[in-house]
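Asker: run-v7.pdb is the file, holding PDB, C-alpha atoms, pLDDT in the B column:
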```pdb
MODEL        1
ATOM      1  CA  MET A   1       3.933  41.565   6.893  1.00 55.00           C
ATOM      2  CA  GLN A   2       3.230  45.122   5.857  1.00 73.00           C
ATOM      3  CA  THR A   3       4.375  46.593   2.580  1.00 76.00           C
ATOM      4  CA  PRO A   4       8.165  47.122   2.784  1.00 77.00           C
ATOM      5  CA  THR A   5       9.350  50.718   2.996  1.00 80.00           C
ATOM      6  CA  ASN A   6      13.094  50.248   2.564  1.00 82.00           C
ATOM      7  CA  LEU A   7      15.523  47.919   0.786  1.00 79.00           C
ATOM      8  CA  PRO A   8      16.259  45.528   3.701  1.00 81.00           C
ATOM      9  CA  GLU A   9      12.543  45.104   4.362  1.00 81.00           C
ATOM     10  CA  ALA A  10      11.911  44.530   0.638  1.00 80.00           C
ATOM     11  CA  LEU A  11      14.628  41.869   0.495  1.00 81.00           C
ATOM     12  CA  GLN A  12      13.274  40.196   3.611  1.00 85.00           C
ATOM     13  CA  TYR A  13       9.749  40.295   2.153  1.00 84.00           C
ATOM     14  CA  ILE A  14      10.922  38.728  -1.139  1.00 84.00           C
ATOM     15  CA  ALA A  15      12.916  36.041   0.702  1.00 83.00           C
ATOM     16  CA  LYS A  16       9.875  35.151   2.802  1.00 83.00           C
ATOM     17  CA  GLN A  17       7.686  34.890  -0.303  1.00 83.00           C
ATOM     18  CA  GLN A  18      10.272  32.602  -1.932  1.00 85.00           C
ATOM     19  CA  GLN A  19      10.359  30.387   1.174  1.00 82.00           C
ATOM     20  CA  GLU A  20       6.572  30.115   1.152  1.00 78.00           C
ATOM     21  CA  LYS A  21       6.608  29.251  -2.541  1.00 81.00           C
ATOM     22  CA  VAL A  22       9.266  26.548  -2.093  1.00 81.00           C
ATOM     23  CA  ALA A  23       7.441  25.047   0.897  1.00 77.00           C
ATOM     24  CA  SER A  24       4.181  25.005  -1.037  1.00 75.00           C
ATOM     25  CA  GLN A  25       5.870  23.306  -4.007  1.00 80.00           C
ATOM     26  CA  ILE A  26       7.368  20.651  -1.723  1.00 81.00           C
ATOM     27  CA  ALA A  27       3.951  20.033  -0.159  1.00 75.00           C
ATOM     28  CA  GLU A  28       2.309  19.710  -3.581  1.00 75.00           C
ATOM     29  CA  ALA A  29       5.013  17.299  -4.771  1.00 81.00           C
ATOM     30  CA  GLN A  30       4.495  15.166  -1.645  1.00 78.00           C
ATOM     31  CA  LEU A  31       0.728  15.071  -2.276  1.00 72.00           C
ATOM     32  CA  LYS A  32       1.270  13.931  -5.864  1.00 77.00           C
ATOM     33  CA  LEU A  33       3.762  11.290  -4.732  1.00 80.00           C
ATOM     34  CA  LEU A  34       1.269   9.948  -2.187  1.00 74.00           C
ATOM     35  CA  THR A  35      -1.447   9.671  -4.809  1.00 72.00           C
ATOM     36  CA  VAL A  36       0.755   7.919  -7.363  1.00 77.00           C
ATOM     37  CA  SER A  37       2.180   5.504  -4.776  1.00 77.00           C
ATOM     38  CA  TYR A  38      -1.245   4.532  -3.509  1.00 69.00           C
ATOM     39  CA  ASP A  39      -2.590   4.016  -7.044  1.00 71.00           C
ATOM     40  CA  LYS A  40       0.346   1.798  -8.030  1.00 77.00           C
ATOM     41  CA  ALA A  41       0.013  -0.314  -4.880  1.00 72.00           C
ATOM     42  CA  ALA A  42      -3.710  -0.786  -5.509  1.00 68.00           C
ATOM     43  CA  SER A  43      -3.060  -1.770  -9.138  1.00 76.00           C
ATOM     44  CA  TYR A  44      -0.452  -4.349  -8.130  1.00 76.00           C
ATOM     45  CA  THR A  45      -2.827  -5.927  -5.616  1.00 72.00           C
ATOM     46  CA  THR A  46      -5.569  -6.127  -8.218  1.00 71.00           C
ATOM     47  CA  VAL A  47      -3.284  -7.882 -10.698  1.00 81.00           C
ATOM     48  CA  ILE A  48      -2.209 -10.439  -8.083  1.00 77.00           C
ATOM     49  CA  ILE A  49      -5.756 -11.141  -6.960  1.00 73.00           C
ATOM     50  CA  PHE A  50      -7.248 -11.491 -10.420  1.00 76.00           C
ATOM     51  CA  GLY A  51      -4.276 -13.289 -11.949  1.00 85.00           C
ATOM     52  CA  GLY A  52      -3.357 -15.742  -9.239  1.00 84.00           C
ATOM     53  CA  TYR A  53      -6.681 -16.647  -7.768  1.00 84.00           C
ATOM     54  CA  ALA A  54      -8.538 -16.560 -11.092  1.00 87.00           C
ATOM     55  CA  GLY A  55      -6.011 -19.057 -12.418  1.00 88.00           C
ATOM     56  CA  MET A  56      -6.573 -21.192  -9.334  1.00 87.00           C
ATOM     57  CA  PHE A  57     -10.328 -21.291  -9.873  1.00 87.00           C
ATOM     58  CA  ALA A  58      -9.890 -22.012 -13.571  1.00 89.00           C
ATOM     59  CA  LEU A  59      -7.723 -24.988 -12.631  1.00 89.00           C
ATOM     60  CA  TRP A  60     -10.395 -26.039 -10.151  1.00 90.00           C
ATOM     61  CA  GLN A  61     -13.018 -26.025 -12.913  1.00 91.00           C
ATOM     62  CA  LEU A  62     -10.790 -28.149 -15.144  1.00 88.00           C
ATOM     63  CA  SER A  63      -9.957 -30.686 -12.442  1.00 91.00           C
ATOM     64  CA  LYS A  64     -13.192 -30.985 -10.452  1.00 89.00           C
ATOM     65  CA  GLU A  65     -14.373 -34.114 -12.253  1.00 91.00           C
ATOM     66  CA  PHE A  66     -11.080 -35.823 -11.369  1.00 93.00           C
ATOM     67  CA  LEU A  67     -10.985 -34.782  -7.686  1.00 93.00           C
ATOM     68  CA  SER A  68     -11.676 -37.264  -4.901  1.00 93.00           C
ATOM     69  CA  LYS A  69     -13.670 -36.021  -1.926  1.00 94.00           C
ATOM     70  CA  GLU A  70     -10.492 -35.732   0.179  1.00 96.00           C
ATOM     71  CA  GLN A  71      -8.613 -33.862  -2.567  1.00 95.00           C
ATOM     72  CA  ALA A  72     -11.513 -31.445  -2.991  1.00 94.00           C
ATOM     73  CA  LEU A  73     -11.686 -30.889   0.770  1.00 96.00           C
ATOM     74  CA  TRP A  74      -7.940 -30.292   1.193  1.00 96.00           C
ATOM     75  CA  SER A  75      -7.585 -28.052  -1.855  1.00 95.00           C
ATOM     76  CA  ALA A  76     -10.634 -26.018  -0.775  1.00 94.00           C
ATOM     77  CA  LEU A  77      -9.258 -25.678   2.752  1.00 97.00           C
ATOM     78  CA  LEU A  78      -5.784 -24.659   1.540  1.00 96.00           C
ATOM     79  CA  VAL A  79      -7.133 -22.124  -0.955  1.00 93.00           C
ATOM     80  CA  LEU A  80      -9.506 -20.727   1.676  1.00 94.00           C
ATOM     81  CA  VAL A  81      -6.644 -20.276   4.157  1.00 96.00           C
ATOM     82  CA  SER A  82      -4.591 -18.638   1.408  1.00 93.00           C
ATOM     83  CA  LEU A  83      -7.383 -16.261   0.423  1.00 91.00           C
ATOM     84  CA  LEU A  84      -8.259 -15.366   4.001  1.00 94.00           C
ATOM     85  CA  SER A  85      -4.669 -14.627   4.962  1.00 94.00           C
ATOM     86  CA  PHE A  86      -4.181 -12.509   1.848  1.00 89.00           C
ATOM     87  CA  VAL A  87      -7.430 -10.581   2.281  1.00 89.00           C
ATOM     88  CA  LEU A  88      -6.861  -9.981   5.993  1.00 92.00           C
ATOM     89  CA  PHE A  89      -3.358  -8.705   5.312  1.00 91.00           C
ATOM     90  CA  GLU A  90      -4.633  -6.420   2.546  1.00 86.00           C
ATOM     91  CA  VAL A  91      -7.231  -5.001   4.933  1.00 90.00           C
ATOM     92  CA  LEU A  92      -4.518  -4.411   7.538  1.00 89.00           C
ATOM     93  CA  LYS A  93      -2.305  -2.776   4.904  1.00 86.00           C
ATOM     94  CA  MET A  94      -5.197  -0.615   3.691  1.00 86.00           C
ATOM     95  CA  ILE A  95      -5.813   0.607   7.249  1.00 90.00           C
ATOM     96  CA  LEU A  96      -2.133   1.390   7.819  1.00 87.00           C
ATOM     97  CA  VAL A  97      -1.696   3.122   4.453  1.00 83.00           C
ATOM     98  CA  THR A  98      -4.849   5.166   4.949  1.00 87.00           C
ATOM     99  CA  ARG A  99      -3.723   6.245   8.427  1.00 87.00           C
ATOM    100  CA  SER A 100      -0.326   7.172   7.025  1.00 85.00           C
ATOM    101  CA  VAL A 101      -1.822   9.163   4.176  1.00 83.00           C
ATOM    102  CA  PHE A 102      -4.198  11.032   6.495  1.00 89.00           C
ATOM    103  CA  LYS A 103      -1.370  11.881   8.899  1.00 87.00           C
ATOM    104  CA  LYS A 104       0.767  13.181   6.047  1.00 85.00           C
ATOM    105  CA  LEU A 105      -2.148  15.155   4.616  1.00 85.00           C
ATOM    106  CA  ALA A 106      -2.737  16.704   8.031  1.00 87.00           C
ATOM    107  CA  VAL A 107       0.894  17.841   8.153  1.00 84.00           C
ATOM    108  CA  LEU A 108       0.816  19.154   4.582  1.00 81.00           C
ATOM    109  CA  ARG A 109      -2.346  21.166   5.232  1.00 84.00           C
ATOM    110  CA  VAL A 110      -1.018  23.156   8.209  1.00 85.00           C
ATOM    111  CA  PRO A 111      -0.543  26.719   6.888  1.00 86.00           C
ATOM    112  CA  GLU A 112       2.448  27.450   9.155  1.00 85.00           C
ATOM    113  CA  VAL A 113       4.189  24.315   7.902  1.00 80.00           C
ATOM    114  CA  ARG A 114       3.372  24.981   4.229  1.00 76.00           C
ATOM    115  CA  ALA A 115       4.776  28.494   4.497  1.00 78.00           C
ATOM    116  CA  ASN A 116       8.191  27.483   5.792  1.00 78.00           C
ATOM    117  CA  PRO A 117      10.420  24.924   4.005  1.00 77.00           C
ATOM    118  CA  GLN A 118      12.419  24.154   7.157  1.00 80.00           C
ATOM    119  CA  ARG A 119       9.270  23.520   9.204  1.00 83.00           C
ATOM    120  CA  LEU A 120       7.808  21.426   6.387  1.00 80.00           C
ATOM    121  CA  LEU A 121      10.883  19.213   6.081  1.00 79.00           C
ATOM    122  CA  ALA A 122      11.151  18.909   9.877  1.00 85.00           C
ATOM    123  CA  ALA A 123       7.469  17.927  10.172  1.00 85.00           C
ATOM    124  CA  LEU A 124       7.757  15.382   7.346  1.00 82.00           C
ATOM    125  CA  THR A 125      10.957  13.927   8.844  1.00 82.00           C
ATOM    126  CA  GLU A 126       9.329  13.618  12.269  1.00 87.00           C
ATOM    127  CA  LEU A 127       6.286  11.918  10.739  1.00 84.00           C
ATOM    128  CA  GLU A 128       8.448   9.520   8.738  1.00 82.00           C
ATOM    129  CA  GLU A 129      10.495   8.592  11.810  1.00 80.00           C
ATOM    130  CA  SER A 130       7.363   7.879  13.834  1.00 83.00           C
ATOM    131  CA  GLN A 131       6.013   5.685  11.039  1.00 79.00           C
ATOM    132  CA  HIS A 132       9.276   3.731  10.754  1.00 76.00           C
ATOM    133  CA  ALA A 133       8.950   2.742  14.410  1.00 78.00           C
ATOM    134  CA  GLY A 134       6.046   0.384  13.585  1.00 75.00           C
ATOM    135  CA  LEU A 135       7.591  -1.011  10.427  1.00 77.00           C
ATOM    136  CA  GLY A 136       9.166  -4.051  12.113  1.00 82.00           C
ATOM    137  CA  GLY A 137       5.828  -5.539  13.139  1.00 86.00           C
ATOM    138  CA  PHE A 138       4.392  -4.875   9.710  1.00 84.00           C
ATOM    139  CA  LEU A 139       7.287  -6.689   8.010  1.00 86.00           C
ATOM    140  CA  VAL A 140       6.830  -9.710  10.280  1.00 92.00           C
ATOM    141  CA  ALA A 141       3.098  -9.779   9.437  1.00 91.00           C
ATOM    142  CA  TRP A 142       3.974  -9.459   5.733  1.00 88.00           C
ATOM    143  CA  ALA A 143       6.441 -12.383   5.876  1.00 92.00           C
ATOM    144  CA  ILE A 144       3.948 -14.614   7.694  1.00 95.00           C
ATOM    145  CA  THR A 145       1.180 -13.668   5.272  1.00 92.00           C
ATOM    146  CA  VAL A 146       3.333 -14.368   2.227  1.00 89.00           C
ATOM    147  CA  ALA A 147       4.299 -17.781   3.618  1.00 95.00           C
ATOM    148  CA  VAL A 148       0.725 -18.737   4.497  1.00 96.00           C
ATOM    149  CA  ALA A 149      -0.914 -17.304   1.355  1.00 92.00           C
ATOM    150  CA  LEU A 150       1.686 -18.639  -1.040  1.00 90.00           C
ATOM    151  CA  GLY A 151       2.018 -21.975   0.752  1.00 95.00           C
ATOM    152  CA  GLY A 152      -1.733 -22.516   0.812  1.00 95.00           C
ATOM    153  CA  ALA A 153      -2.197 -21.442  -2.790  1.00 92.00           C
ATOM    154  CA  LEU A 154       0.659 -23.597  -4.087  1.00 93.00           C
ATOM    155  CA  ALA A 155      -0.413 -26.627  -2.074  1.00 96.00           C
ATOM    156  CA  GLY A 156      -4.035 -26.229  -3.190  1.00 95.00           C
ATOM    157  CA  ALA A 157      -2.956 -25.741  -6.795  1.00 93.00           C
ATOM    158  CA  GLY A 158      -0.642 -28.731  -6.480  1.00 95.00           C
ATOM    159  CA  ILE A 159      -3.525 -30.948  -5.407  1.00 95.00           C
ATOM    160  CA  LEU A 160      -5.692 -29.627  -8.245  1.00 94.00           C
ATOM    161  CA  GLY A 161      -2.928 -29.984 -10.825  1.00 93.00           C
ATOM    162  CA  TYR A 162      -2.035 -33.473  -9.655  1.00 94.00           C
ATOM    163  CA  SER A 163      -5.647 -34.680  -9.808  1.00 93.00           C
ATOM    164  CA  PHE A 164      -6.105 -33.101 -13.236  1.00 92.00           C
ATOM    165  CA  ILE A 165      -2.978 -34.737 -14.702  1.00 93.00           C
ATOM    166  CA  VAL A 166      -3.689 -38.118 -13.095  1.00 93.00           C
ATOM    167  CA  GLY A 167      -7.314 -37.911 -14.269  1.00 90.00           C
ATOM    168  CA  LEU A 168      -6.261 -37.177 -17.843  1.00 90.00           C
ATOM    169  CA  ALA A 169      -3.790 -40.051 -17.774  1.00 91.00           C
ATOM    170  CA  ARG A 170      -6.501 -42.593 -16.901  1.00 85.00           C
TER     171      ARG A 170
ENDMDL
END
```
In structure tokens, write the structure found in this file.

Answerer:
Amino acid sequence: MQTPTNLPEALQYIAKQQQEKVASQIAEAQLKLLTVSYDKAASYTTVIIFGGYAGMFALWQLSKEFLSKEQALWSALLVLVSLLSFVLFEVLKMILVTRSVFKKLAVLRVPEVRANPQRLLAALTELEESQHAGLGGFLVAWAITVAVALGGALAGAGILGYSFIVGLAR
């Protein structure tokens, strides 16, 4: 827009600048939210992996002298299934989150969208709606993974704990 020459043009020019500023602030806030959300999710996963599975392997070290061959085989198999299901799900989640972040970044980087709050909110709403469409399958995969990973880990830990306690009692 050219430099305004009268009051209505000046008001329109100021209003447009304000809209661009608001849209840019919304885009920046969304970028910060994405970064913080991703960091927190990664931190949570790290705590679970190091806490849960490290404890499992510590218990394995304590109980290995008391394990029969069958107990060692079954606990190893159960823990392996648990770890594989968890890792595969985390890889799937990483792919989906990364795709989501890149799609949102693409929307937030479009100059026409950044300059107009209505276009920005419409683009973000459309993106969110398209991402919610695939959420059902993801939740089913999450539920199955939790059942398999937790079931395998608890069963494996149960075998290890049982052999450790029985071995100490002898």

Asker: Would you work out the distance separating CA of Arg99 (chain A) from CA of Gln118 (chain A), expressed in Å to one decimal?

Answerer: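 Interatomic distance here is 24.1 Å.
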
Asker: So which residues touch Glu90 (chain A) within 12 Å, counting all atoms listed in the file, skipping near sequence neighbours fewer than 2 positions away, as a list of chain:residue names?

Answerer: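 Neighbouring residues, sequence-local ones excluded: A:Ala41, A:Ala42, A:Tyr44, A:Thr45, A:Thr46, A:Ile48, A:Ile49, A:Leu83, A:Leu84, A:Ser85, A:Phe86, A:Val87, A:Leu88, A:Leu92, A:Lys93, A:Met94, A:Ile95, A:Leu96, A:Val97, A:Thr98, A:Phe138, A:Ala141, A:Trp142, A:Thr145, A:Val146, A:Ala149.
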
Asker: I'd like the neighbourhood of Lys104 (chain A) as a PyMOL selection string, where a residue qualifies if any of its atoms comes within 12 Å (using all atoms listed in the file), though same-chain residues fewer than 6 positions away should be ignored.

Answerer: chain A and resi 27-28+30-35+97-98+110+113+120-121+123-128+130-131

Asker: Neighbouring residues of Ser163 (chain A) were defined as those with any atom within 8 Å, considering only C-alpha atoms; residues of the same chain fewer than 5 positions away were excluded. Please report them as a JSON list (two decimals) with C-alpha atoms, in the frame of the given file.

Answerer:
```
[["chain", "number", "residue", "atom", "x", "y", "z"],
["A", 63, "SER", "CA", -9.96, -30.69, -12.44],
["A", 66, "PHE", "CA", -11.08, -35.82, -11.37],
["A", 67, "LEU", "CA", -10.98, -34.78, -7.69],
["A", 71, "GLN", "CA", -8.61, -33.86, -2.57]]
```

Asker: What's the separation between CA of Glu65 (chain A) and CA of Val166 (chain A), in Å to one decimal place?

Answerer: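 Computing it gives 11.4 Å between the two atoms.
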
Asker: Using only C-alpha atoms, pick whichever of A:Ala143, A:Ala54, A:Val148, A:Leu135 has the shortest atom-to-atom distance to Ser100 (chain A).

Answerer: A:Leu135

Asker: Draw an axis-aligned box over all listed atoms of region 97-115 of chain A, pad each side with 5 Å, and write its centre and edge lengths in Å, one decimal, as AutoDock Vina command-line options.

Answerer:
```
--center_x 0.0 --center_y 15.8 --center_z 6.7 --size_x 19.6 --size_y 35.4 --size_z 15.0
```

Asker: Near Ala157 (chain A), counting only C-alpha atoms, which residues have an atom at most 10 Å away, once you skip same-chain residues fewer than 4 positions from it, shown as an NGL selection string?

Answerer: :A and (53 or 55-57 or 59-60 or 75-76 or 78-79 or 151-153 or 161-163)

Asker: Could you add whatever atoms are missing so that region 81-96 of chain A carries N, CA, C and O atoms, then write the result as a CSV table (one decimal), keeping the file's coordinate frame?

Answerer:
```
chain,number,residue,atom,x,y,z
A,81,VAL,N,-7.6,-20.8,3.2
A,81,VAL,CA,-6.6,-20.3,4.2
A,81,VAL,C,-5.8,-19.2,3.4
A,81,VAL,O,-5.5,-18.2,4.0
A,82,SER,N,-5.4,-19.6,2.2
A,82,SER,CA,-4.6,-18.6,1.4
A,82,SER,C,-5.3,-17.3,1.2
A,82,SER,O,-4.8,-16.2,1.4
A,83,LEU,N,-6.6,-17.5,0.7
A,83,LEU,CA,-7.4,-16.3,0.4
A,83,LEU,C,-7.6,-15.4,1.7
A,83,LEU,O,-7.5,-14.2,1.7
A,84,LEU,N,-8.0,-16.1,2.8
A,84,LEU,CA,-8.3,-15.4,4.0
A,84,LEU,C,-7.0,-14.6,4.5
A,84,LEU,O,-7.1,-13.5,4.9
A,85,SER,N,-5.9,-15.3,4.5
A,85,SER,CA,-4.7,-14.6,5.0
A,85,SER,C,-4.3,-13.4,4.1
A,85,SER,O,-4.0,-12.4,4.6
A,86,PHE,N,-4.5,-13.6,2.8
A,86,PHE,CA,-4.2,-12.5,1.8
A,86,PHE,C,-5.1,-11.3,2.0
A,86,PHE,O,-4.7,-10.2,2.2
A,87,VAL,N,-6.4,-11.6,2.1
A,87,VAL,CA,-7.4,-10.6,2.3
A,87,VAL,C,-7.3,-9.9,3.6
A,87,VAL,O,-7.3,-8.6,3.7
A,88,LEU,N,-7.0,-10.6,4.7
A,88,LEU,CA,-6.9,-10.0,6.0
A,88,LEU,C,-5.6,-9.1,6.0
A,88,LEU,O,-5.6,-8.0,6.6
A,89,PHE,N,-4.6,-9.5,5.4
A,89,PHE,CA,-3.4,-8.7,5.3
A,89,PHE,C,-3.6,-7.4,4.5
A,89,PHE,O,-3.2,-6.4,4.9
A,90,GLU,N,-4.3,-7.6,3.4
A,90,GLU,CA,-4.6,-6.4,2.5
A,90,GLU,C,-5.5,-5.4,3.3
A,90,GLU,O,-5.3,-4.2,3.1
A,91,VAL,N,-6.4,-5.9,4.1
A,91,VAL,CA,-7.2,-5.0,4.9
A,91,VAL,C,-6.3,-4.3,6.0
A,91,VAL,O,-6.5,-3.1,6.1
A,92,LEU,N,-5.5,-5.0,6.6
A,92,LEU,CA,-4.5,-4.4,7.5
A,92,LEU,C,-3.7,-3.4,6.8
A,92,LEU,O,-3.5,-2.2,7.3
A,93,LYS,N,-3.1,-3.7,5.7
A,93,LYS,CA,-2.3,-2.8,4.9
A,93,LYS,C,-3.1,-1.5,4.5
A,93,LYS,O,-2.6,-0.4,4.6
A,94,MET,N,-4.3,-1.7,4.1
A,94,MET,CA,-5.2,-0.6,3.7
A,94,MET,C,-5.4,0.3,4.9
A,94,MET,O,-5.3,1.6,4.7
A,95,ILE,N,-5.6,-0.2,6.1
A,95,ILE,CA,-5.8,0.6,7.2
A,95,ILE,C,-4.5,1.4,7.6
A,95,ILE,O,-4.6,2.6,7.8
A,96,LEU,N,-3.4,0.7,7.5
A,96,LEU,CA,-2.1,1.4,7.8
A,96,LEU,C,-1.8,2.5,6.8
A,96,LEU,O,-1.3,3.5,7.1
```
